[in-house]
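Participant: I have a structure I would like to understand better, so I am pasting it below and will then ask my questions one at a time.
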Amino acid sequence: MLKIQVVLLLVCFTEAVDALYKQWIPDTNYENKTNWDRGDVPCGNDIVAFSAQTRVSVFVETTHAVKEMKLPIDGEFILNSGAGFYVLGEKDPGCGAGATTQFKDSESHQWFDPSLWQAAATLNDLEQGKFLFSVDEESIPCHFDDVVFKALSSFRVDTSGGQSSIPVKSVSVLGKTFGSASEFSEYLSSRSGQLQFHGASPVTVGEPGCGDPSGCSCGNSVYHDQICGIVKCASPSCKNPLLPVGHCCEVCGTIVTINFAEGFSLHDYRERIRHLFLTLPQYTSVQLGMSKVLKPQQLMRVIPFGTKPVIQVVILDEDGGAHSEDLAWDIVNDVSSHGANLGITGAELQSSGHPSENITGTVVGAVIGILLVIILVTMIVLIRKGVVQMPALNRFRRNTGVSDLGGALDHGFDNPMFDRPNMMPEIPDLYGSEPADVIHMTQTSVHYVNPVYDDSETDFYA
């Protein structure tokens with residue numbers, strides 16, 4: 001039977017330097033209209049119905065009149081101070097004729113659905129709605145993130161994943177922050193914890209925060225297939241859509257890849273971009289996501305050879321993409337002017353618009369040119385060291401009868417057995433009385449007669 005609990009909610013906010021907060025969006029609150037099948041909160045003439053097999057924890061913020069309530073076998077109400085239910089003895093004049101209103105099933109809400117999370121740099125930004133745009137993998141809490149479930153709220157989330165657990169830095173539930181693994185494990189085993197979290201991969205806390213000033217890789221690439229299996233991609237409208245690292249769908253916009261060195265601070269650079277550019281009126285429609293990623297490296301865009309940590313800046317524009325490219329060029333120009341002072345060694349720009357073709361072509365041409373120069377220099381070095389030998393040029397010269405030293409070419413000595421007969425001494429019958437033509441043709445063969453040997457001495461058929 002459903003249990004009634006009154007929970008005193010204490011809101012505890014703790015500030016953390018360079019921390020990202022990921023907040024879960026859905027809830028199972030009684031006052032949320034979207035949780036009811038009729039799109040409105042039940043009133044005094046309505047019958048409130050929960051599916052008998054539903055396992056749910058419902059937060060109730062205030063008091064409500066109902067005509068009747070059908071409860072699930074396994075569930076709970078978490079009542080805010082002063083909240084509760086009552087039944088009117090007569091019709092509720094402001095409720096209409098009354099109807100049966102069903103509480104929606106929340107079993108389908110998955111931890112790895114990027115659309116169900118919001119990210120912010122601080123807790124104050126979460127409260128004020130100043131959310132950060134992220135690629136799909138980073139929309140899910142990273143191992144160094146603080147996870148926040150709204151204070152005056154309950155929820156139900158499926159944490160099933162391909163790993164044995166889901167590690168994060170901390171989890172805040174009902175205003176309480178859990179940073180200790182044992183303390184949060186105890187909460188998960190409680191009645192509320194079992195109704196709020198379900199799935200094969202339990203959430204664990206206690207991971208250290210990101211201690212690298214240049215940022216940390218999120219680590220959610222191991223869940224890429226599961227995340228992208230949930231995301232539905234729309235067909236991009238631009239000519240040359242881009243696929244950012246860690247994203248599931250191709251996008252229309254711009255990507256700036258920043259190479260950094262020691263002394264670079266991701267937090268400081270993010271704040272610099274926000275103050276210099278994102279506050280300008282022409283960029284109010286722009287979404288910008290900035291993070292460290294491990295970018296796959298490819299030789300001539302074909303042969304993979306590992307990854308390289310870079311800062312990826314993804315810029316999307318709701319107004320067609322023109323402003324995203326303007327902002328990207330502003331960032332690249334800022335890097336050219338001040339990058340050395342910020343720990344930045346260079347920046348590359350990709351755009352889904354027409355200008356990207358020229359930029360990409362220039363980069364590819366430069367890479368091919370450099371490779372050709374490297375190959376040529378390597379060949380010269382190997383030839384000079386004797387590792388590689390080139391064929392002699394005189395092998396290809398035409399035979400002119402003149403030696404390399406300018407004199408007549410020596411053809412060797414004369415063989416008296418095969419040269420002209422008049423060069424030999426007068427020996428009777430040496431060449432015989434037959435004519436000089438000693439090549440004989442028969443019906444079965446063509447042969448010549450060697451004057452040195454006697455045919456009768458070598459007749460094998462004699």
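We label chains A, B, ... in the order they appear in the structure tokens, count residues from 1 in each chain, and number ligands from 1 in the order shown.
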Report as a ChimeraX atom specification all protein, DNA and RNA residues lying within 12 Å of A:Asp46, evaluated on only C-alpha atoms, omitting residues in the same chain fewer than 6 positions from it.
Facilitator: /A:38,40,64-70,87-88,91-92,94-102
Participant: Using only C-alpha atoms, which residues sit within 10 Å of A:Asn35 once same-chain residues fewer than 4 positions away are excluded, as a list in words?
Facilitator: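 Within the cut-off, the hits are Pro26, Asp27, Thr28, Asn29, Tyr30, Glu31, Gly39, Asp40, Val41, Gln102, Phe103, Lys104, Asp105 and Ser106 of chain A.
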Participant: Determine the nearest neighbour of A:Thr284 from the options A:Leu316, A:Ala261, A:Leu71, A:Val310, counting only C-alpha atoms.
Facilitator: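 Residue with the minimum atom-to-atom distance to A:Thr284: A:Leu316.
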Participant: Contacts of stretch 229-241 of chain A at 6 Å or less, counting only C-alpha atoms, minus same-chain residues fewer than 6 places along, as an MDAnalysis selection string?
Facilitator: chainID A and resid 249:252 352
Participant: Would you write out, as CSV, a table of all residues in stretch 293-319 of chain A that have an atom no more than 12 Å from an atom of stretch 217-223 of chain A, listing for each the closest atom pair and the distance in Å to one decimal, considering only C-alpha atoms and ordering rows by chain and rising residue number?
Facilitator:
residue,atom,partner,partner_atom,distance
A:Val293,CA,A:Ser217,CA,5.4
A:Leu294,CA,A:Ser217,CA,7.0
A:Lys295,CA,A:Ser217,CA,10.5
A:Thr307,CA,A:Ser217,CA,11.9
A:Lys308,CA,A:Ser217,CA,11.1
A:Pro309,CA,A:Ser217,CA,8.2
A:Val310,CA,A:Ser217,CA,9.6
A:Ile311,CA,A:Ser217,CA,9.8
A:Gln312,CA,A:Ser217,CA,11.0
Participant: What would the file look like if the residues just selected were written as a short mmCIF file (atom, residue, chain, number, x, y, z; two decimals), in the first residue's frame with all heavy atoms?
Facilitator:
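Contents of selection26.cif, freshly written:
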data_model
loop_
_atom_site.label_atom_id
_atom_site.label_comp_id
_atom_site.auth_asym_id
_atom_site.auth_seq_id
_atom_site.Cartn_x
_atom_site.Cartn_y
_atom_site.Cartn_z
N VAL A 293 38.02 17.70 -25.75
CA VAL A 293 37.68 16.42 -26.35
C VAL A 293 38.94 15.75 -26.87
O VAL A 293 39.97 16.40 -27.08
CB VAL A 293 36.66 16.57 -27.51
CG1 VAL A 293 35.36 17.20 -27.01
CG2 VAL A 293 37.24 17.40 -28.65
N LEU A 294 38.87 14.46 -27.07
CA LEU A 294 39.95 13.70 -27.70
C LEU A 294 39.59 13.55 -29.17
O LEU A 294 38.77 12.70 -29.53
CB LEU A 294 40.12 12.35 -27.02
CG LEU A 294 40.49 12.40 -25.53
CD1 LEU A 294 40.57 11.00 -24.95
CD2 LEU A 294 41.81 13.14 -25.32
N LYS A 295 40.21 14.37 -30.00
CA LYS A 295 39.86 14.39 -31.41
C LYS A 295 40.66 13.34 -32.17
O LYS A 295 41.89 13.32 -32.11
CB LYS A 295 40.15 15.77 -32.01
CG LYS A 295 39.70 15.92 -33.45
CD LYS A 295 39.93 17.33 -33.95
CE LYS A 295 39.45 17.48 -35.39
NZ LYS A 295 39.66 18.86 -35.90
N THR A 307 44.53 9.83 -31.06
CA THR A 307 43.72 11.00 -30.72
C THR A 307 44.60 12.10 -30.14
O THR A 307 45.72 11.84 -29.70
CB THR A 307 42.62 10.64 -29.71
OG1 THR A 307 43.24 10.12 -28.51
CG2 THR A 307 41.66 9.60 -30.27
N LYS A 308 44.05 13.29 -30.12
CA LYS A 308 44.78 14.45 -29.59
C LYS A 308 43.82 15.30 -28.76
O LYS A 308 42.71 15.60 -29.22
CB LYS A 308 45.34 15.29 -30.74
CG LYS A 308 46.04 16.56 -30.30
CD LYS A 308 46.46 17.39 -31.51
CE LYS A 308 47.12 18.70 -31.10
NZ LYS A 308 47.49 19.53 -32.27
N PRO A 309 44.21 15.68 -27.54
CA PRO A 309 43.33 16.54 -26.75
C PRO A 309 43.29 17.96 -27.31
O PRO A 309 44.33 18.59 -27.50
CB PRO A 309 43.95 16.51 -25.34
CG PRO A 309 45.39 16.14 -25.57
CD PRO A 309 45.42 15.27 -26.80
N VAL A 310 42.11 18.45 -27.59
CA VAL A 310 41.92 19.81 -28.10
C VAL A 310 40.70 20.41 -27.41
O VAL A 310 39.91 19.71 -26.77
CB VAL A 310 41.71 19.82 -29.64
CG1 VAL A 310 42.93 19.29 -30.36
CG2 VAL A 310 40.47 19.01 -30.01
N ILE A 311 40.55 21.71 -27.56
CA ILE A 311 39.35 22.40 -27.09
C ILE A 311 38.42 22.56 -28.29
O ILE A 311 38.78 23.20 -29.28
CB ILE A 311 39.68 23.77 -26.47
CG1 ILE A 311 40.68 23.60 -25.32
CG2 ILE A 311 38.41 24.44 -25.97
CD1 ILE A 311 40.22 22.69 -24.21
N GLN A 312 37.26 21.95 -28.19
CA GLN A 312 36.28 22.03 -29.28
C GLN A 312 35.21 23.07 -28.93
O GLN A 312 34.59 22.99 -27.87
CB GLN A 312 35.62 20.67 -29.49
CG GLN A 312 34.53 20.68 -30.56
CD GLN A 312 33.94 19.30 -30.78
OE1 GLN A 312 34.22 18.63 -31.76
NE2 GLN A 312 33.10 18.85 -29.85
#
